[in-house]
file start_21.txt (compact mmCIF, N, CA and C atoms)
# COMPACT_ATOMS: atom_id res chain seq x y z
N MET A 29 -9.32 -6.85 3.28
CA MET A 29 -8.06 -6.16 3.48
C MET A 29 -7.14 -6.36 2.27
N ARG A 30 -7.05 -7.59 1.79
CA ARG A 30 -6.18 -7.84 0.64
C ARG A 30 -6.67 -7.10 -0.59
N SER A 31 -7.99 -6.99 -0.74
CA SER A 31 -8.50 -6.27 -1.91
C SER A 31 -8.10 -4.81 -1.87
N VAL A 32 -8.02 -4.24 -0.66
CA VAL A 32 -7.57 -2.85 -0.52
C VAL A 32 -6.11 -2.74 -0.92
N LEU A 33 -5.31 -3.71 -0.52
CA LEU A 33 -3.89 -3.69 -0.86
C LEU A 33 -3.69 -3.84 -2.37
N VAL A 34 -4.45 -4.72 -2.98
CA VAL A 34 -4.34 -4.90 -4.43
C VAL A 34 -4.78 -3.62 -5.14
N ALA A 35 -5.87 -3.01 -4.66
CA ALA A 35 -6.33 -1.76 -5.26
C ALA A 35 -5.28 -0.67 -5.12
N ALA A 36 -4.64 -0.61 -3.95
CA ALA A 36 -3.58 0.38 -3.74
C ALA A 36 -2.40 0.12 -4.66
N LEU A 37 -2.08 -1.15 -4.85
CA LEU A 37 -0.97 -1.50 -5.75
C LEU A 37 -1.30 -1.10 -7.18
N VAL A 38 -2.52 -1.37 -7.61
CA VAL A 38 -2.94 -1.00 -8.96
C VAL A 38 -2.91 0.52 -9.12
N ALA A 39 -3.39 1.24 -8.09
CA ALA A 39 -3.38 2.70 -8.15
C ALA A 39 -1.95 3.23 -8.24
N ARG A 40 -1.05 2.65 -7.47
CA ARG A 40 0.34 3.10 -7.51
C ARG A 40 0.97 2.81 -8.87
N MET A 41 0.65 1.65 -9.45
CA MET A 41 1.18 1.31 -10.75
C MET A 41 0.63 2.26 -11.82
N ALA A 42 -0.66 2.57 -11.71
CA ALA A 42 -1.26 3.49 -12.67
C ALA A 42 -0.66 4.88 -12.55
N ALA A 43 -0.40 5.31 -11.33
CA ALA A 43 0.20 6.62 -11.11
C ALA A 43 1.62 6.67 -11.65
N ALA A 44 2.28 5.54 -11.68
CA ALA A 44 3.65 5.49 -12.17
C ALA A 44 3.72 5.34 -13.68
N GLY A 45 2.58 5.39 -14.34
CA GLY A 45 2.59 5.33 -15.80
C GLY A 45 2.10 4.02 -16.35
N GLY A 46 1.39 3.26 -15.56
CA GLY A 46 0.82 2.01 -16.04
C GLY A 46 1.59 0.81 -15.53
N ALA A 47 1.10 -0.34 -15.91
CA ALA A 47 1.68 -1.58 -15.42
C ALA A 47 2.93 -1.98 -16.18
N GLY A 48 3.24 -1.27 -17.21
CA GLY A 48 4.45 -1.59 -17.95
C GLY A 48 4.17 -1.64 -19.44
N PRO A 49 5.17 -2.05 -20.20
CA PRO A 49 5.00 -2.07 -21.65
C PRO A 49 4.03 -3.16 -22.09
N GLY A 50 3.54 -3.02 -23.31
CA GLY A 50 2.65 -4.03 -23.86
C GLY A 50 3.41 -5.30 -24.19
N VAL A 51 2.70 -6.26 -24.72
CA VAL A 51 3.30 -7.56 -25.01
C VAL A 51 4.44 -7.44 -26.01
N GLU A 52 4.24 -6.62 -27.04
CA GLU A 52 5.28 -6.49 -28.06
C GLU A 52 6.54 -5.87 -27.47
N GLU A 53 6.35 -4.80 -26.69
CA GLU A 53 7.51 -4.15 -26.08
C GLU A 53 8.16 -5.06 -25.04
N GLN A 54 7.35 -5.82 -24.33
CA GLN A 54 7.86 -6.73 -23.30
C GLN A 54 8.79 -7.77 -23.94
N ALA A 55 8.42 -8.26 -25.10
CA ALA A 55 9.23 -9.28 -25.77
C ALA A 55 10.61 -8.73 -26.13
N GLN A 56 10.70 -7.44 -26.41
CA GLN A 56 11.98 -6.85 -26.75
C GLN A 56 12.81 -6.57 -25.50
N ILE A 57 12.16 -6.28 -24.38
CA ILE A 57 12.87 -5.92 -23.16
C ILE A 57 13.35 -7.15 -22.40
N VAL A 58 12.48 -8.14 -22.25
CA VAL A 58 12.80 -9.32 -21.44
C VAL A 58 13.22 -10.45 -22.37
N PRO A 59 14.41 -10.96 -22.18
CA PRO A 59 14.84 -12.07 -23.04
C PRO A 59 13.98 -13.30 -22.80
N ALA A 60 13.85 -14.12 -23.84
CA ALA A 60 13.00 -15.30 -23.76
C ALA A 60 13.52 -16.33 -22.77
N GLY A 61 14.78 -16.24 -22.38
CA GLY A 61 15.37 -17.23 -21.50
C GLY A 61 15.30 -16.90 -20.02
N ASP A 62 14.25 -16.17 -19.59
CA ASP A 62 14.12 -15.88 -18.16
C ASP A 62 14.09 -17.18 -17.37
N THR A 63 14.80 -17.18 -16.27
CA THR A 63 14.84 -18.37 -15.42
C THR A 63 13.83 -18.23 -14.30
N TRP A 64 13.60 -19.34 -13.62
CA TRP A 64 12.70 -19.30 -12.46
C TRP A 64 13.28 -18.39 -11.38
N GLU A 65 14.58 -18.29 -11.34
CA GLU A 65 15.21 -17.39 -10.37
C GLU A 65 14.80 -15.95 -10.63
N ASP A 66 14.74 -15.56 -11.90
CA ASP A 66 14.29 -14.22 -12.25
C ASP A 66 12.84 -14.01 -11.84
N VAL A 67 12.03 -15.00 -12.12
CA VAL A 67 10.61 -14.92 -11.74
C VAL A 67 10.49 -14.81 -10.23
N ARG A 68 11.26 -15.59 -9.50
CA ARG A 68 11.23 -15.55 -8.03
C ARG A 68 11.62 -14.16 -7.53
N LYS A 69 12.62 -13.55 -8.16
CA LYS A 69 13.05 -12.21 -7.76
C LYS A 69 11.94 -11.19 -8.00
N HIS A 70 11.23 -11.33 -9.13
CA HIS A 70 10.14 -10.41 -9.42
C HIS A 70 9.02 -10.55 -8.39
N PHE A 71 8.67 -11.80 -8.06
CA PHE A 71 7.63 -12.01 -7.05
C PHE A 71 8.08 -11.53 -5.68
N SER A 72 9.35 -11.69 -5.37
CA SER A 72 9.87 -11.20 -4.11
C SER A 72 9.76 -9.68 -4.03
N ALA A 73 10.08 -9.01 -5.13
CA ALA A 73 9.96 -7.55 -5.17
C ALA A 73 8.50 -7.14 -5.02
N LEU A 74 7.60 -7.89 -5.65
CA LEU A 74 6.18 -7.59 -5.53
C LEU A 74 5.71 -7.79 -4.09
N ARG A 75 6.16 -8.86 -3.44
CA ARG A 75 5.80 -9.09 -2.04
C ARG A 75 6.30 -7.94 -1.17
N ASN A 76 7.51 -7.48 -1.44
CA ASN A 76 8.05 -6.35 -0.67
C ASN A 76 7.20 -5.10 -0.87
N GLU A 77 6.77 -4.87 -2.09
CA GLU A 77 5.93 -3.70 -2.39
C GLU A 77 4.60 -3.80 -1.66
N VAL A 78 4.00 -5.00 -1.66
CA VAL A 78 2.73 -5.19 -0.96
C VAL A 78 2.93 -4.99 0.54
N SER A 79 4.03 -5.46 1.07
CA SER A 79 4.32 -5.26 2.50
C SER A 79 4.46 -3.77 2.82
N THR A 80 5.13 -3.05 1.94
CA THR A 80 5.29 -1.61 2.13
C THR A 80 3.93 -0.92 2.09
N LEU A 81 3.09 -1.30 1.12
CA LEU A 81 1.76 -0.71 1.03
C LEU A 81 0.93 -1.04 2.27
N GLU A 82 1.06 -2.26 2.76
CA GLU A 82 0.32 -2.65 3.96
C GLU A 82 0.76 -1.82 5.16
N ALA A 83 2.08 -1.62 5.30
CA ALA A 83 2.58 -0.80 6.40
C ALA A 83 2.10 0.64 6.28
N GLU A 84 2.10 1.18 5.06
CA GLU A 84 1.60 2.55 4.86
C GLU A 84 0.12 2.64 5.19
N PHE A 85 -0.65 1.62 4.80
CA PHE A 85 -2.08 1.59 5.09
C PHE A 85 -2.32 1.53 6.60
N GLN A 86 -1.58 0.68 7.30
CA GLN A 86 -1.72 0.57 8.75
C GLN A 86 -1.36 1.89 9.43
N ALA A 87 -0.30 2.54 8.98
CA ALA A 87 0.11 3.81 9.58
C ALA A 87 -0.95 4.88 9.34
N ALA A 88 -1.50 4.92 8.14
CA ALA A 88 -2.55 5.90 7.83
C ALA A 88 -3.79 5.64 8.66
N ARG A 89 -4.15 4.38 8.82
CA ARG A 89 -5.33 4.05 9.64
C ARG A 89 -5.10 4.44 11.09
N GLU A 90 -3.91 4.17 11.61
CA GLU A 90 -3.60 4.55 13.00
C GLU A 90 -3.63 6.07 13.16
N GLN A 91 -3.11 6.79 12.18
CA GLN A 91 -3.13 8.26 12.24
C GLN A 91 -4.56 8.78 12.24
N ARG A 92 -5.41 8.19 11.41
CA ARG A 92 -6.82 8.59 11.39
C ARG A 92 -7.48 8.32 12.73
N ARG A 93 -7.15 7.18 13.36
CA ARG A 93 -7.71 6.85 14.66
C ARG A 93 -7.27 7.86 15.71
N LEU A 94 -5.98 8.21 15.70
CA LEU A 94 -5.47 9.18 16.66
C LEU A 94 -6.09 10.56 16.45
N ASP A 95 -6.28 10.94 15.19
CA ASP A 95 -6.93 12.22 14.89
C ASP A 95 -8.37 12.23 15.40
N ALA A 96 -9.07 11.12 15.24
CA ALA A 96 -10.46 11.03 15.72
C ALA A 96 -10.51 11.13 17.24
N VAL A 97 -9.57 10.48 17.92
CA VAL A 97 -9.52 10.56 19.39
C VAL A 97 -9.24 12.00 19.82
N ARG A 98 -8.30 12.65 19.14
CA ARG A 98 -7.97 14.04 19.47
C ARG A 98 -9.18 14.95 19.27
N ARG A 99 -9.87 14.79 18.15
CA ARG A 99 -11.06 15.62 17.89
C ARG A 99 -12.14 15.37 18.94
N HIS A 100 -12.30 14.11 19.33
CA HIS A 100 -13.30 13.76 20.34
C HIS A 100 -12.95 14.41 21.68
N GLU A 101 -11.68 14.36 22.06
CA GLU A 101 -11.24 14.97 23.32
C GLU A 101 -11.41 16.48 23.28
N GLU A 102 -11.10 17.11 22.16
CA GLU A 102 -11.28 18.55 22.02
C GLU A 102 -12.76 18.93 22.13
N ALA A 103 -13.62 18.13 21.51
CA ALA A 103 -15.06 18.39 21.60
C ALA A 103 -15.55 18.25 23.04
N ASP A 104 -15.04 17.27 23.77
CA ASP A 104 -15.41 17.11 25.18
C ASP A 104 -14.97 18.31 26.01
N ARG A 105 -13.76 18.82 25.75
CA ARG A 105 -13.27 20.00 26.48
C ARG A 105 -14.14 21.21 26.20
N VAL A 106 -14.53 21.37 24.95
CA VAL A 106 -15.38 22.51 24.58
C VAL A 106 -16.74 22.40 25.28
N ARG A 107 -17.32 21.20 25.30
CA ARG A 107 -18.61 21.00 25.97
C ARG A 107 -18.52 21.27 27.46
N ARG A 108 -17.44 20.83 28.09
CA ARG A 108 -17.28 21.06 29.54
C ARG A 108 -17.03 22.52 29.84
N GLY A 109 -16.43 23.23 28.92
CA GLY A 109 -16.12 24.66 29.13
C GLY A 109 -17.35 25.54 29.03
N GLN A 110 -18.42 25.07 28.45
CA GLN A 110 -19.62 25.91 28.24
C GLN A 110 -20.44 26.00 29.48
call {"tool": "encode", "arguments": {"input": "start_21.txt", "output": "structure tokens"}}
result
Amino acid sequence: MRSVLVAALVARMAAAGGAGPGVEEQAQIVPAGDTWEDVRKHFSALRNEVSTLEAEFQAAREQRRLDAVRRHEEADRVRRGQ
């Protein structure tokens, strides 16, 4: 399950234009004095993103299950009608 979430996160990052700037560009964007508080905020944002992806995955799986049940019930009605 976690591997699916990581894959979804990587796919979303790739769709958004990649994981971010390279090392050289990163050095210019992020000051060298990042604190642990900044790192904690970044990890917190990442956890929130993973939670969002997990919720989306669960909702999609539930929708697929409901669609399969509906198709099965429709097929049963068609068989009984013949």
call {"tool": "residues_around", "arguments": {"input": "start_21.txt", "residues": "segment 76-92 of chain A", "least_positions_apart": "2", "cutoff": "8 Å", "atoms": "only N, CA and C atoms", "output": "JSON, numbers by chain"}}
result
{"A": [32, 33, 34, 36, 37, 70, 71, 72, 73, 74, 94, 95, 96, 97, 98]}
call {"tool": "axis_aligned_box", "arguments": {"input": "start_21.txt", "around": "segment 87-103 of chain A", "padding_each_side": "3 Å", "output": "lines of an AutoDock Vina configuration file"}}
result
center_x = -7.7
center_y = 10.7
center_z = 15.6
size_x = 21.7
size_y = 22.4
size_z = 21.5
call {"tool": "atom_distance", "arguments": {"input": "start_21.txt", "atom1": "atom CA of Val67 of chain A", "atom2": "atom CA of Val38 of chain A"}}
result
19.6 Å
